[in-house]
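Coordinates as given in work-v6.cif (mmCIF, C-alpha atoms):
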```cif
data_final
#
loop_
_atom_site.group_PDB
_atom_site.id
_atom_site.type_symbol
_atom_site.label_atom_id
_atom_site.label_comp_id
_atom_site.auth_asym_id
_atom_site.auth_seq_id
_atom_site.Cartn_x
_atom_site.Cartn_y
_atom_site.Cartn_z
ATOM 1 C CA MET A 1 -144.535 0.573 87.190
ATOM 2 C CA SER A 2 -144.250 -0.273 90.883
ATOM 3 C CA LEU A 3 -146.330 1.431 93.570
ATOM 4 C CA SER A 4 -143.238 3.168 94.926
ATOM 5 C CA SER A 5 -142.480 4.485 91.430
ATOM 6 C CA LEU A 6 -146.057 5.759 91.153
ATOM 7 C CA SER A 7 -145.657 7.556 94.449
ATOM 8 C CA ARG A 8 -142.397 9.179 93.317
ATOM 9 C CA PHE A 9 -143.992 10.171 89.998
ATOM 10 C CA CYS A 10 -146.934 11.733 91.817
ATOM 11 C CA TRP A 11 -144.627 13.665 94.140
ATOM 12 C CA SER A 12 -142.550 15.034 91.253
ATOM 13 C CA VAL A 13 -145.581 16.154 89.251
ATOM 14 C CA SER A 14 -147.169 17.803 92.282
ATOM 15 C CA ARG A 15 -144.031 19.946 92.640
ATOM 16 C CA LEU A 16 -143.982 21.182 89.045
ATOM 17 C CA ARG A 17 -145.399 24.612 89.872
ATOM 18 C CA TYR A 18 -145.935 26.908 92.777
ATOM 19 C CA PRO A 19 -144.132 25.230 95.660
ATOM 20 C CA PHE A 20 -145.033 26.830 98.973
ATOM 21 C CA THR A 21 -143.220 27.519 102.194
ATOM 22 C CA PRO A 22 -145.388 27.573 105.320
ATOM 23 C CA LYS A 23 -144.929 30.528 107.630
ATOM 24 C CA ALA A 24 -145.179 30.530 111.378
ATOM 25 C CA VAL A 25 -148.265 32.096 112.883
ATOM 26 C CA CYS A 26 -147.362 35.433 114.445
ATOM 27 C CA VAL A 27 -149.993 37.426 116.293
ATOM 28 C CA ASN A 28 -148.098 40.637 115.572
ATOM 29 C CA GLN A 29 -148.727 40.324 111.851
ATOM 30 C CA VAL A 30 -151.564 42.366 110.356
ATOM 31 C CA HIS A 31 -152.692 41.457 106.894
ATOM 32 C CA GLY A 32 -154.857 42.971 104.226
ATOM 33 C CA SER A 33 -157.893 42.101 102.175
ATOM 34 C CA THR A 34 -158.887 38.768 100.690
ATOM 35 C CA SER A 35 -157.416 37.440 97.479
ATOM 36 C CA VAL A 36 -158.884 35.258 94.769
ATOM 37 C CA LEU A 37 -157.912 32.082 92.946
ATOM 38 C CA THR A 38 -157.587 33.856 89.634
ATOM 39 C CA ASP A 39 -155.591 36.967 88.855
ATOM 40 C CA SER A 40 -154.852 39.287 85.964
ATOM 41 C CA CYS A 41 -151.451 37.757 85.119
ATOM 42 C CA CYS A 42 -151.061 35.776 81.943
ATOM 43 C CA HIS A 43 -150.822 32.042 82.556
ATOM 44 C CA GLU A 44 -151.182 28.694 80.848
ATOM 45 C CA GLY A 45 -154.098 26.413 81.642
ATOM 46 C CA LEU A 46 -157.489 27.213 83.107
ATOM 47 C CA TYR A 47 -156.169 29.148 86.122
ATOM 48 C CA PRO A 48 -152.775 29.998 87.655
ATOM 49 C CA GLY A 49 -150.923 26.785 88.450
ATOM 50 C CA HIS A 50 -153.274 24.500 86.509
ATOM 51 C CA ILE A 51 -151.585 21.404 85.075
ATOM 52 C CA THR A 52 -153.431 19.694 82.246
ATOM 53 C CA THR A 53 -153.526 15.918 82.626
ATOM 54 C CA SER A 54 -155.170 13.111 80.693
ATOM 55 C CA PRO A 55 -157.523 10.592 82.330
ATOM 56 C CA PHE A 56 -154.683 8.051 82.331
ATOM 57 C CA GLN A 57 -152.326 10.515 84.006
ATOM 58 C CA LYS A 58 -154.983 11.336 86.586
ATOM 59 C CA ALA A 59 -155.354 7.630 87.329
ATOM 60 C CA LEU A 60 -151.597 7.321 87.841
ATOM 61 C CA LEU A 61 -151.608 10.356 90.108
ATOM 62 C CA ALA A 62 -154.555 9.003 92.095
ATOM 63 C CA VAL A 63 -152.900 5.629 92.681
ATOM 64 C CA GLY A 64 -149.477 7.082 93.482
ATOM 65 C CA SER A 65 -150.801 9.730 95.833
ATOM 66 C CA GLY A 66 -153.101 7.211 97.494
ATOM 67 C CA VAL A 67 -150.184 4.901 98.243
ATOM 68 C CA ALA A 68 -148.092 7.766 99.624
ATOM 69 C CA ALA A 69 -150.958 9.102 101.735
ATOM 70 C CA LEU A 70 -151.667 5.636 103.120
ATOM 71 C CA HIS A 71 -148.026 5.278 104.119
ATOM 72 C CA ASP A 72 -147.947 8.720 105.734
ATOM 73 C CA PRO A 73 -151.326 10.430 106.346
ATOM 74 C CA TYR A 74 -149.494 13.673 107.169
ATOM 75 C CA ARG A 75 -148.214 13.963 103.578
ATOM 76 C CA HIS A 76 -150.618 16.798 102.827
ATOM 77 C CA ASP A 77 -149.220 17.198 99.319
ATOM 78 C CA MET A 78 -150.188 13.629 98.457
ATOM 79 C CA VAL A 79 -153.586 13.943 100.126
ATOM 80 C CA ALA A 80 -154.141 17.086 98.032
ATOM 81 C CA VAL A 81 -153.309 15.337 94.752
ATOM 82 C CA LEU A 82 -155.584 12.412 95.654
ATOM 83 C CA GLY A 83 -158.462 14.776 96.345
ATOM 84 C CA GLU A 84 -158.037 16.670 93.097
ATOM 85 C CA THR A 85 -157.788 13.614 90.851
ATOM 86 C CA THR A 86 -160.753 11.712 92.308
ATOM 87 C CA GLY A 87 -163.206 14.395 93.380
ATOM 88 C CA HIS A 88 -164.829 15.750 90.201
ATOM 89 C CA LEU A 89 -168.391 14.508 90.792
ATOM 90 C CA ALA A 90 -168.363 15.427 94.479
ATOM 91 C CA LEU A 91 -167.017 18.897 93.653
ATOM 92 C CA MET A 92 -169.861 19.431 91.183
ATOM 93 C CA LYS A 93 -172.415 18.581 93.891
ATOM 94 C CA LEU A 94 -170.695 20.864 96.395
ATOM 95 C CA ARG A 95 -170.617 23.694 93.845
ATOM 96 C CA ASP A 96 -174.328 23.269 93.166
ATOM 97 C CA THR A 97 -175.064 23.256 96.904
ATOM 98 C CA MET A 98 -173.116 26.493 97.307
ATOM 99 C CA ARG A 99 -174.952 28.059 94.365
ATOM 100 C CA ASN A 100 -178.287 27.290 96.041
ATOM 101 C CA ASP A 101 -177.252 29.018 99.274
ATOM 102 C CA PRO A 102 -177.170 32.863 99.294
ATOM 103 C CA GLU A 103 -174.011 32.953 101.409
ATOM 104 C CA GLY A 104 -172.412 30.189 99.371
ATOM 105 C CA LEU A 105 -173.246 32.010 96.138
ATOM 106 C CA THR A 106 -171.546 35.125 97.499
ATOM 107 C CA ILE A 107 -168.444 33.085 98.266
ATOM 108 C CA LEU A 108 -168.352 31.716 94.721
ATOM 109 C CA ALA A 109 -168.684 35.249 93.368
ATOM 110 C CA GLU A 110 -166.077 36.910 95.606
ATOM 111 C CA ARG A 111 -163.597 34.024 95.892
ATOM 112 C CA PRO A 112 -162.156 34.790 99.359
ATOM 113 C CA ARG A 113 -158.937 33.047 100.401
ATOM 114 C CA ILE A 114 -157.851 32.091 103.922
ATOM 115 C CA ARG A 115 -154.133 32.861 104.152
ATOM 116 C CA LEU A 116 -151.883 34.646 106.602
ATOM 117 C CA SER A 117 -151.911 37.512 104.101
ATOM 118 C CA THR A 118 -155.710 37.833 104.443
ATOM 119 C CA LEU A 119 -156.053 37.476 108.222
ATOM 120 C CA ASP A 120 -155.835 40.295 110.750
ATOM 121 C CA LEU A 121 -154.260 38.241 113.520
ATOM 122 C CA LYS A 122 -154.108 41.139 115.991
ATOM 123 C CA GLU A 123 -157.836 41.710 115.695
ATOM 124 C CA MET A 124 -158.560 37.986 115.979
ATOM 125 C CA ALA A 125 -156.379 37.770 119.109
ATOM 126 C CA SER A 126 -158.380 40.597 120.680
ATOM 127 C CA LEU A 127 -161.711 38.808 120.251
ATOM 128 C CA PRO A 128 -163.305 37.166 123.309
ATOM 129 C CA ASP A 129 -162.760 33.532 124.184
ATOM 130 C CA GLY A 130 -165.334 31.341 122.508
ATOM 131 C CA SER A 131 -165.545 33.481 119.361
ATOM 132 C CA LEU A 132 -164.734 31.852 116.031
ATOM 133 C CA GLY A 133 -161.776 34.122 115.300
ATOM 134 C CA ARG A 134 -160.148 33.737 118.715
ATOM 135 C CA GLU A 135 -160.649 29.975 118.849
ATOM 136 C CA TYR A 136 -159.386 29.525 115.276
ATOM 137 C CA LEU A 137 -156.232 31.457 116.128
ATOM 138 C CA ARG A 138 -155.830 29.391 119.293
ATOM 139 C CA PHE A 139 -156.213 26.208 117.226
ATOM 140 C CA LEU A 140 -153.441 27.335 114.874
ATOM 141 C CA GLU A 141 -151.135 28.152 117.776
ATOM 142 C CA ASP A 142 -151.885 25.052 119.872
ATOM 143 C CA ASN A 143 -151.496 22.653 116.962
ATOM 144 C CA LEU A 144 -148.558 24.465 115.322
ATOM 145 C CA VAL A 145 -150.295 24.785 111.959
ATOM 146 C CA THR A 146 -150.766 27.612 109.479
ATOM 147 C CA PRO A 147 -153.326 28.232 106.717
ATOM 148 C CA ASP A 148 -150.423 28.789 104.327
ATOM 149 C CA SER A 149 -149.614 25.070 104.443
ATOM 150 C CA ARG A 150 -152.567 24.359 102.145
ATOM 151 C CA ALA A 151 -151.270 23.770 98.621
ATOM 152 C CA ASP A 152 -152.811 25.465 95.610
ATOM 153 C CA VAL A 153 -155.048 23.355 93.383
ATOM 154 C CA LYS A 154 -153.367 22.087 90.185
ATOM 155 C CA PHE A 155 -155.197 19.123 88.660
ATOM 156 C CA VAL A 156 -158.907 20.100 88.676
ATOM 157 C CA ASP A 157 -159.958 20.785 85.071
ATOM 158 C CA ASP A 158 -162.607 23.399 85.808
ATOM 159 C CA GLU A 159 -161.836 26.847 87.178
ATOM 160 C CA GLU A 160 -164.880 27.121 89.443
ATOM 161 C CA LEU A 161 -164.529 23.569 90.750
ATOM 162 C CA ALA A 162 -160.867 24.293 91.433
ATOM 163 C CA TYR A 163 -161.956 27.132 93.708
ATOM 164 C CA VAL A 164 -164.442 24.858 95.492
ATOM 165 C CA MET A 165 -161.614 22.408 96.187
ATOM 166 C CA GLN A 166 -159.383 25.274 97.356
ATOM 167 C CA ARG A 167 -162.134 26.539 99.644
ATOM 168 C CA TYR A 168 -162.629 23.055 101.114
ATOM 169 C CA ARG A 169 -158.901 22.835 101.721
ATOM 170 C CA GLU A 170 -158.658 26.233 103.403
ATOM 171 C CA VAL A 171 -161.659 25.786 105.706
ATOM 172 C CA HIS A 172 -160.417 22.380 106.922
ATOM 173 C CA ASP A 173 -158.734 23.908 109.980
ATOM 174 C CA LEU A 174 -161.841 25.980 110.668
ATOM 175 C CA LEU A 175 -163.794 22.741 110.670
ATOM 176 C CA HIS A 176 -161.367 21.348 113.238
ATOM 177 C CA THR A 177 -162.129 24.445 115.311
ATOM 178 C CA LEU A 178 -165.894 24.115 114.933
ATOM 179 C CA LEU A 179 -165.836 20.419 115.786
ATOM 180 C CA GLY A 180 -163.382 20.858 118.648
ATOM 181 C CA MET A 181 -160.935 18.343 117.166
ATOM 182 C CA PRO A 182 -157.122 18.666 117.412
ATOM 183 C CA THR A 183 -154.730 17.488 114.694
ATOM 184 C CA ASN A 184 -153.685 14.200 116.297
ATOM 185 C CA MET A 185 -154.738 11.050 114.445
ATOM 186 C CA LEU A 186 -158.005 10.571 116.346
ATOM 187 C CA GLY A 187 -159.007 14.185 115.737
ATOM 188 C CA GLU A 188 -158.117 13.955 112.042
ATOM 189 C CA VAL A 189 -160.096 10.748 111.589
ATOM 190 C CA ALA A 190 -163.155 12.214 113.321
ATOM 191 C CA VAL A 191 -163.012 15.248 111.019
ATOM 192 C CA LYS A 192 -162.622 12.961 107.995
ATOM 193 C CA TRP A 193 -165.763 11.030 109.031
ATOM 194 C CA PHE A 194 -167.645 14.331 109.208
ATOM 195 C CA GLU A 195 -166.229 15.489 105.862
ATOM 196 C CA ALA A 196 -166.976 12.178 104.167
ATOM 197 C CA ALA A 197 -170.621 12.411 105.203
ATOM 198 C CA GLN A 198 -170.845 16.101 104.303
ATOM 199 C CA THR A 199 -168.850 16.380 101.056
ATOM 200 C CA GLY A 200 -168.868 12.939 99.437
ATOM 201 C CA LEU A 201 -165.237 13.434 98.393
ATOM 202 C CA PRO A 202 -163.589 10.021 97.787
ATOM 203 C CA MET A 203 -160.436 11.290 99.498
ATOM 204 C CA CYS A 204 -162.403 11.894 102.703
ATOM 205 C CA ALA A 205 -164.098 8.504 102.491
ATOM 206 C CA LEU A 206 -160.727 6.803 102.035
ATOM 207 C CA GLY A 207 -159.312 8.654 105.024
ATOM 208 C CA ALA A 208 -162.362 7.730 107.086
ATOM 209 C CA VAL A 209 -161.933 4.028 106.246
ATOM 210 C CA LEU A 210 -158.146 3.733 106.505
ATOM 211 C CA GLY A 211 -157.458 6.260 109.253
ATOM 212 C CA PRO A 212 -158.717 4.011 112.070
ATOM 213 C CA LEU A 213 -156.031 1.463 111.164
ATOM 214 C CA ARG A 214 -153.489 3.784 112.782
ATOM 215 C CA LEU A 215 -155.357 4.138 116.073
ATOM 216 C CA ASN A 216 -154.649 2.160 119.224
ATOM 217 C CA ALA A 217 -157.361 0.107 120.947
ATOM 218 C CA SER A 218 -158.579 2.789 123.355
ATOM 219 C CA ARG A 219 -158.860 5.415 120.654
ATOM 220 C CA LEU A 220 -160.605 2.979 118.334
ATOM 221 C CA GLN A 221 -163.189 2.414 121.034
ATOM 222 C CA SER A 222 -163.656 6.160 121.425
ATOM 223 C CA LEU A 223 -164.016 6.561 117.647
ATOM 224 C CA PHE A 224 -166.506 3.746 117.070
ATOM 225 C CA THR A 225 -168.661 4.315 120.143
ATOM 226 C CA LEU A 226 -168.665 8.125 120.445
ATOM 227 C CA LEU A 227 -166.841 10.318 117.954
ATOM 228 C CA GLY A 228 -167.569 8.339 114.793
ATOM 229 C CA PRO A 229 -171.379 8.162 115.119
ATOM 230 C CA TRP A 230 -171.435 11.824 116.198
ATOM 231 C CA ALA A 231 -169.296 12.885 113.206
ATOM 232 C CA LEU A 232 -171.352 10.931 110.660
ATOM 233 C CA HIS A 233 -174.688 12.090 112.073
ATOM 234 C CA ASN A 234 -173.668 15.748 112.143
ATOM 235 C CA GLY A 235 -171.939 15.596 108.772
ATOM 236 C CA HIS A 236 -175.147 14.344 107.172
ATOM 237 C CA ARG A 237 -177.482 16.846 108.809
ATOM 238 C CA ALA A 238 -175.340 20.002 109.012
ATOM 239 C CA ARG A 239 -175.581 22.895 106.595
ATOM 240 C CA CYS A 240 -172.830 22.860 103.972
ATOM 241 C CA VAL A 241 -169.704 24.110 105.747
ATOM 242 C CA LEU A 242 -168.352 25.539 102.467
ATOM 243 C CA SER A 243 -171.303 27.932 102.293
ATOM 244 C CA ILE A 244 -170.230 29.905 105.350
ATOM 245 C CA PHE A 245 -168.352 33.185 104.869
ATOM 246 C CA TYR A 246 -166.144 32.614 107.916
ATOM 247 C CA GLU A 247 -164.116 35.755 107.259
ATOM 248 C CA ARG A 248 -167.217 37.817 108.115
ATOM 249 C CA ARG A 249 -168.028 35.804 111.222
ATOM 250 C CA TRP A 250 -164.869 35.989 113.320
ATOM 251 C CA SER A 251 -166.710 37.691 116.178
ATOM 252 C CA GLN A 252 -169.566 35.150 116.207
ATOM 253 C CA SER A 253 -169.442 32.633 119.050
ATOM 254 C CA ILE A 254 -168.703 29.037 118.120
ATOM 255 C CA ALA A 255 -171.741 27.947 120.133
ATOM 256 C CA ASP A 256 -174.032 30.147 118.032
ATOM 257 C CA LEU A 257 -172.386 29.068 114.778
ATOM 258 C CA ARG A 258 -172.730 25.399 115.695
ATOM 259 C CA GLN A 259 -176.409 25.949 116.403
ATOM 260 C CA GLU A 260 -176.847 27.753 113.074
ATOM 261 C CA LEU A 261 -175.083 24.948 111.191
ATOM 262 C CA ASN A 262 -176.953 22.229 113.107
ATOM 263 C CA ILE A 263 -173.763 20.783 114.608
ATOM 264 C CA GLU A 264 -173.939 19.238 118.071
ATOM 265 C CA THR A 265 -171.272 19.681 120.739
ATOM 266 C CA PRO A 266 -168.711 16.837 120.500
ATOM 267 C CA PRO A 267 -169.283 14.003 122.978
ATOM 268 C CA VAL A 268 -165.578 13.886 123.889
ATOM 269 C CA ILE A 269 -163.216 16.796 124.494
ATOM 270 C CA LEU A 270 -159.824 16.149 122.901
ATOM 271 C CA THR A 271 -156.765 18.239 123.656
ATOM 272 C CA ALA A 272 -153.967 19.222 121.299
ATOM 273 C CA THR A 273 -151.070 16.811 121.659
ATOM 274 C CA ASN A 274 -148.097 15.865 119.552
ATOM 275 C CA ARG A 275 -149.616 15.750 116.081
ATOM 276 C CA ARG A 276 -148.238 12.277 115.348
ATOM 277 C CA ASN A 277 -149.371 10.862 118.644
ATOM 278 C CA ILE A 278 -152.137 8.330 117.985
#
```
Using structure tokens, write down the structure from this file.
Amino acid sequence: MSLSSLSRFCWSVSRLRYPFTPKAVCVNQVHGSTSVLTDSCCHEGLYPGHITTSPFQKALLAVGSGVAALHDPYRHDMVAVLGETTGHLALMKLRDTMRNDPEGLTILAERPRIRLSTLDLKEMASLPDGSLGREYLRFLEDNLVTPDSRADVKFVDDEELAYVMQRYREVHDLLHTLLGMPTNMLGEVAVKWFEAAQTGLPMCALGAVLGPLRLNASRLQSLFTLLGPWALHNGHRARCVLSIFYERRWSQSIADLRQELNIETPPVILTATNRRNI
């Protein structure tokens, strides 16, 4: 089987269940309470949307999704499949870290989700500049992204670990906000360096290694001399970012939250530009 065939196979399997359609962020929308990964409906597998795969099938999915993600780093569906099929050991460590943190344990028990349906955008828009909620909303608007673009987990063969992966996926944009990084290639690579140091997920490590290949000379210099060392240092020393109940901290200032998490202010201020501009 060729690499292109693997990529097509991976894409087709990833679309078997629960396709999603991102929605535009609208400040006028007001949404209700949090939801959880599991529900009361009858379903096959370990959780809604779970697709059972053998080790060989997981290997095929990992290779195919890796090739597709390398070709186009903005193929979030392929990045998602790669993370799910290669991240079991890292997810176990993250789960254990969350269990040993009171706030993280609460998150595992309550299973909050970050979706447009769970966010009160009007309230977040009314918060002062510099607060987590207001700056997160501004990040979504400036970078033209939505939390609903994060696909549901399908290939993780443990219900609790599947939620940990889903939580990682849904707080990714919040991490961009905390780190002050936009969604252009340099910003994404800097976040991946932080995530690789913090989570140990192979997907993040791969992105951290291969992402710089798409940067021009000036941005490479900025990454290797400033942003990269800062991201690695803070990723190693910061409190686990999955153990923060962000939904209860919208009014907290980003400066205070950074101090609490032991994250330093970024050495370079990047602005939101065309997301494919490197």
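Of the listed residues A:Glu141, A:Ala151, A:Thr199, A:Arg134, the one whose atoms come nearest to Gly87 in chain A is A:Thr199, with distances taken using all atoms listed in the file.
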*In Å, rounded to a single decimal, give me how far CA of Pro73 in chain A is from CA of Thr86 in chain A.*
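Separation between CA of Thr86 in chain A and CA of Pro73 in chain A: 17.0 Å.
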_Ala125 in chain A surroundings by all atoms listed in the file, 8 Å radius, close-in-sequence under 2 positions cut, as a PyMOL selection string_ = chain A and resi 27+121-123+127+133-134+137
*To verify the selection step, state as a list of chain:residue names which residues the PyMOL selection byres ((chain A and resi 235-250) around 6) yields on this input.*
A:Met98, A:Glu103, A:Gly104, A:Leu132, A:Gly133, A:Phe194, A:Ala197, A:Gln198, A:Ala231, A:Leu232, A:His233, A:Asn234, A:Ser251, A:Gln252, A:Leu261, A:Asn262, A:Ile263
*Measuring atom to atom with only C-alpha atoms, identify which of A:Arg167, A:Arg214, A:His50, A:Arg219 is nearest to Glu110 in chain A.*
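Among the listed residues, A:Arg167 lies closest to Glu110 in chain A.
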*Please identify all polymer residues lying at most 10 Å from the point (-160.1, 22.2, 105.6) (file coordinates), using only C-alpha atoms, and present the result as a list in words.*
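These residues have at least one counted atom within 10 Å: Pro147, Arg150, Met165, Gln166, Arg167, Tyr168, Arg169, Glu170, Val171, His172, Asp173, Leu174, Leu175, His176, Val191, Lys192, Glu195, Val241 and Leu242 of chain A.
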Would you save the residues of that selection, restricted to C-alpha atoms, as a JSON list (two decimals), keeping the file's coordinate frame?
```json
[["chain", "number", "residue", "atom", "x", "y", "z"],
["A", 147, "PRO", "CA", -153.33, 28.23, 106.72],
["A", 150, "ARG", "CA", -152.57, 24.36, 102.14],
["A", 165, "MET", "CA", -161.61, 22.41, 96.19],
["A", 166, "GLN", "CA", -159.38, 25.27, 97.36],
["A", 167, "ARG", "CA", -162.13, 26.54, 99.64],
["A", 168, "TYR", "CA", -162.63, 23.06, 101.11],
["A", 169, "ARG", "CA", -158.90, 22.84, 101.72],
["A", 170, "GLU", "CA", -158.66, 26.23, 103.40],
["A", 171, "VAL", "CA", -161.66, 25.79, 105.71],
["A", 172, "HIS", "CA", -160.42, 22.38, 106.92],
["A", 173, "ASP", "CA", -158.73, 23.91, 109.98],
["A", 174, "LEU", "CA", -161.84, 25.98, 110.67],
["A", 175, "LEU", "CA", -163.79, 22.74, 110.67],
["A", 176, "HIS", "CA", -161.37, 21.35, 113.24],
["A", 191, "VAL", "CA", -163.01, 15.25, 111.02],
["A", 192, "LYS", "CA", -162.62, 12.96, 108.00],
["A", 195, "GLU", "CA", -166.23, 15.49, 105.86],
["A", 241, "VAL", "CA", -169.70, 24.11, 105.75],
["A", 242, "LEU", "CA", -168.35, 25.54, 102.47]]
```
*To one decimal place, how far is CA of Asp157 in chain A from CA of Ala190 in chain A in Å?*
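That distance, rounded to one decimal, is 29.7 Å.
The smallest atom-to-atom distance between Gly45 in chain A and any of A:Leu89, A:Ser126, A:Leu116, A:Lys154, using all atoms listed in the file, is found for A:Lys154.
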*Evaluate the PyMOL selection byres ((chain A and resi 72) around 12) and record the selected residues as a PyMOL selection string, following the chain and residue labels used in the document.*
chain A and resi 7+65-71+73-79+185+207+210-211+214+276
*Just how far from CA of Asp152 in chain A is CA of Ala109 in chain A, in Å to one decimal?*
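Computing the Euclidean distance for CA of Ala109 in chain A and CA of Asp152 in chain A yields 18.8 Å.
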*asked:* To test your reading of the syntax: which residues would the PyMOL selection byres ((chain A and resi 58) around 12) return for the file shown? Reply as a ChimeraX atom specification.
replied: /A:6,9-10,13-14,51-57,59-66,81-88,154-157
Using the file's own x, y and z axes, what box holds all listed atoms of range 250-265 of chain A with 4 Å on each side, keeping edges along x, y and z, and what are its centre and edge lengths in Å to one decimal, as JSON?
```
{"center_x": -170.9, "center_y": 28.5, "center_z": 116.0, "size_x": 20.1, "size_y": 26.5, "size_z": 17.5}
```
*Mind checking which residues fall within 8 Å of range 177-182 of chain A, counting all atoms listed in the file, ignoring those fewer than 4 positions away in the same chain, and posting them as a VMD selection string?*
chain A and resid 132 135 to 136 139 143 173 187 to 188 190 to 191 254 258 265 to 266 269 to 273
*Of the residues A:Ala90, A:Leu140, A:Val153, A:Val164, which is the one nearest to Arg111 in chain A, using all atoms listed in the file?*
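Among A:Ala90, A:Leu140, A:Val153, A:Val164, it is A:Val164 that comes nearest to Arg111 in chain A.
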_Using only C-alpha atoms: which of A:Gly130, A:Ser253, A:Asp101, A:Val189 has the shortest distance to Leu213 in chain A_ = A:Val189
_For Arg115 in chain A, find every residue with an atom within 8 Å (counting only C-alpha atoms), except residues of its own chain fewer than 3 positions away, and show them as a ChimeraX atom specification._
/A:118-119,147-148
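Excluding Pro267 in chain A itself and same-chain residues fewer than 6 positions from it, the residues having an atom within 8 Å of it are Leu226, Leu227 and Trp230 of chain A, counting only C-alpha atoms.
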Selected residues, C-alpha atoms, written as a CSV table (one decimal), in the coordinates of the input, please.
```
chain,number,residue,atom,x,y,z
A,226,LEU,CA,-168.7,8.1,120.4
A,227,LEU,CA,-166.8,10.3,118.0
A,230,TRP,CA,-171.4,11.8,116.2
```
